[in-house]
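Participant: Contents of upload_3.pdb (PDB, C-alpha atoms):
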```pdb
ATOM      1  CA  MET A   1     -15.666  23.981 -32.301
ATOM      2  CA  PRO A   2     -13.136  21.144 -32.068
ATOM      3  CA  LYS A   3     -14.227  17.544 -31.722
ATOM      4  CA  MET A   4     -14.097  15.832 -28.317
ATOM      5  CA  LYS A   5     -11.316  13.293 -28.286
ATOM      6  CA  THR A   6     -11.250  10.027 -26.375
ATOM      7  CA  LYS A   7      -8.486   9.950 -23.738
ATOM      8  CA  SER A   8      -5.885   7.542 -25.086
ATOM      9  CA  GLY A   9      -5.165   6.113 -21.632
ATOM     10  CA  ALA A  10      -8.855   5.372 -21.102
ATOM     11  CA  LYS A  11      -9.315   3.528 -24.374
ATOM     12  CA  LYS A  12      -6.571   1.117 -23.301
ATOM     13  CA  ARG A  13      -8.129   0.505 -19.877
ATOM     14  CA  PHE A  14     -11.900   0.566 -20.353
ATOM     15  CA  ARG A  15     -14.397  -0.960 -22.765
ATOM     16  CA  LEU A  16     -18.143  -0.498 -22.964
ATOM     17  CA  THR A  17     -20.429  -3.524 -22.873
ATOM     18  CA  ALA A  18     -23.491  -3.842 -25.083
ATOM     19  CA  SER A  19     -25.739  -2.739 -22.224
ATOM     20  CA  GLY A  20     -23.622   0.382 -21.642
ATOM     21  CA  LYS A  21     -21.658  -0.717 -18.576
ATOM     22  CA  VAL A  22     -17.925  -0.093 -18.317
ATOM     23  CA  ARG A  23     -15.739  -3.199 -18.281
ATOM     24  CA  THR A  24     -12.223  -3.037 -16.827
ATOM     25  CA  ALA A  25      -9.469  -5.299 -15.534
ATOM     26  CA  GLN A  26      -9.490  -6.417 -11.916
ATOM     27  CA  ALA A  27      -7.582  -4.115  -9.563
ATOM     28  CA  GLY A  28      -4.790  -5.329  -7.301
ATOM     29  CA  LYS A  29      -3.161  -7.967  -9.514
ATOM     30  CA  ARG A  30       0.030  -6.288 -10.658
ATOM     31  CA  HIS A  31       2.403  -7.318  -7.890
ATOM     32  CA  GLY A  32       2.503  -8.642  -4.323
ATOM     33  CA  MET A  33       0.836 -11.956  -5.142
ATOM     34  CA  ILE A  34       2.789 -13.762  -2.429
ATOM     35  CA  LYS A  35       0.948 -11.907   0.331
ATOM     36  CA  ARG A  36      -2.481 -12.390  -1.241
ATOM     37  CA  THR A  37      -4.541 -15.471  -0.504
ATOM     38  CA  ASN A  38      -5.180 -18.018  -3.228
ATOM     39  CA  LYS A  39      -8.879 -17.189  -3.018
ATOM     40  CA  THR A  40      -8.194 -13.514  -3.730
ATOM     41  CA  ILE A  41      -5.974 -14.307  -6.708
ATOM     42  CA  ARG A  42      -8.587 -16.718  -8.083
ATOM     43  CA  ASN A  43     -11.411 -14.194  -7.702
ATOM     44  CA  GLN A  44      -9.429 -11.472  -9.487
ATOM     45  CA  ARG A  45      -9.174 -13.338 -12.784
ATOM     46  CA  GLY A  46     -10.633 -11.767 -15.886
ATOM     47  CA  THR A  47     -12.553  -8.499 -15.918
ATOM     48  CA  THR A  48     -15.159  -6.716 -13.837
ATOM     49  CA  THR A  49     -17.662  -3.911 -14.323
ATOM     50  CA  LEU A  50     -17.071  -0.529 -12.760
ATOM     51  CA  PHE A  51     -19.218   0.857  -9.976
ATOM     52  CA  GLU A  52     -22.078   2.941 -11.376
ATOM     53  CA  GLY A  53     -20.798   6.288 -10.105
ATOM     54  CA  ASP A  54     -17.281   5.736 -11.422
ATOM     55  CA  ALA A  55     -18.654   4.469 -14.732
ATOM     56  CA  ARG A  56     -20.586   7.717 -15.245
ATOM     57  CA  LYS A  57     -17.373   9.716 -14.827
ATOM     58  CA  VAL A  58     -15.458   7.507 -17.250
ATOM     59  CA  ILE A  59     -18.146   7.733 -19.915
ATOM     60  CA  LYS A  60     -18.675  11.483 -19.556
ATOM     61  CA  HIS A  61     -15.066  12.651 -19.323
ATOM     62  CA  PHE A  62     -12.861   9.984 -20.867
ATOM     63  CA  LEU A  63     -14.967   8.086 -23.421
ATOM     64  CA  PRO A  64     -17.300  10.715 -24.910
ATOM     65  CA  ASN A  65     -17.638   8.840 -28.210
ATOM     66  CA  GLY A  66     -18.354   5.448 -26.713
TER      67      GLY A  66
END
```
How does this structure look as structure tokens?

Facilitator:
Amino acid sequence: MPKMKTKSGAKKRFRLTASGKVRTAQAGKRHGMIKRTNKTIRNQRGTTTLFEGDARKVIKHFLPNG
């Protein structure tokens, strides 16, 4: 039986925290900053944790080895 491989796109986008949550970059910051408010841009700095349901899918299907 072949080994389960980590999806190479997922390992560039997601990282697991020590408590097992999935950390990812903030969505909606690639382009169109001129139409966003300054508050939105400020709040989208750094990283965020994925919603629990989405995190389960990422861990099960894309990051099987952690």

Participant: Rank A:Ile41, A:Ala10, A:Ala18, A:Ala25 by their smallest atom-to-atom distance to Val58 in chain A, using only C-alpha atoms, and report the top residue only.

Facilitator: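 Nearest to Val58 in chain A: A:Ala10.
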
Participant: Around all the atoms of range 28-38 of chain A listed in the file, draw an axis-aligned box and extend it by 5 Å on each of the six sides; I want its centre and edge lengths in Å to one decimal, as JSON.

Facilitator:
```
{"center_x": -1.2, "center_y": -11.7, "center_z": -5.2, "size_x": 18.0, "size_y": 22.7, "size_z": 21.0}
```

Participant: Could you work out how far CA of His61 in chain A lies from CA of Gly9 in chain A, giving the answer in Å with one decimal?

Facilitator: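 Between CA of Gly9 in chain A and CA of His61 in chain A the gap is 12.1 Å.
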
Participant: Give the answer as one residue: which of A:Thr17, A:Thr6, A:Lys12, A:Met33 has the shortest atom-to-atom distance to Asn65 in chain A, using all atoms listed in the file?

Facilitator: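 Checking each candidate against Asn65 in chain A, we get A:Thr6 as the closest.
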
Participant: List every protein, DNA or RNA residue with an atom no more than 10 Å from (-12.2, -12.0, -16.1) in the file's coordinates, counting only C-alpha atoms, and format the result as a JSON list (two decimals) with C-alpha atoms, keeping the file's coordinate frame.

Facilitator:
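Writing the result to selection16.json gives the following:
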```json
[["chain", "number", "residue", "atom", "x", "y", "z"],
["A", 23, "ARG", "CA", -15.74, -3.20, -18.28],
["A", 24, "THR", "CA", -12.22, -3.04, -16.83],
["A", 25, "ALA", "CA", -9.47, -5.30, -15.53],
["A", 26, "GLN", "CA", -9.49, -6.42, -11.92],
["A", 42, "ARG", "CA", -8.59, -16.72, -8.08],
["A", 43, "ASN", "CA", -11.41, -14.19, -7.70],
["A", 44, "GLN", "CA", -9.43, -11.47, -9.49],
["A", 45, "ARG", "CA", -9.17, -13.34, -12.78],
["A", 46, "GLY", "CA", -10.63, -11.77, -15.89],
["A", 47, "THR", "CA", -12.55, -8.50, -15.92],
["A", 48, "THR", "CA", -15.16, -6.72, -13.84],
["A", 49, "THR", "CA", -17.66, -3.91, -14.32]]
```

Participant: Work out how far apart CA of Phe14 in chain A and CA of Glu52 in chain A are and give it in Å to one decimal.

Facilitator: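 These two atoms are separated by 13.8 Å.
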
Participant: In Å, with one decimal, what is the gap from CA of Phe62 in chain A to CA of Ser8 in chain A?

Facilitator: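 So the two atoms, CA of Phe62 in chain A and CA of Ser8 in chain A, lie 8.5 Å apart.
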
Participant: Name the closest residue to Phe51 in chain A among the candidates A:Val22, A:Ile34, A:Met1, A:Leu63; distances are taken between atoms, counting all atoms listed in the file.

Facilitator: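 Looking only at the distances to Phe51 in chain A, the closest residue turns out to be A:Val22.
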
Participant: For Thr40 in chain A, which residue among A:Gly28, A:Gly53, A:Pro2, A:Gly66 is the nearest when counting all atoms listed in the file?

Facilitator: A:Gly28

Participant: Leaving out Lys21 in chain A and any residue of its chain fewer than 5 positions from it, which residues lie within 8 Å of it when counting only C-alpha atoms, given as a list in words?

Facilitator: Leu16, Thr49, Leu50 and Ala55 of chain A
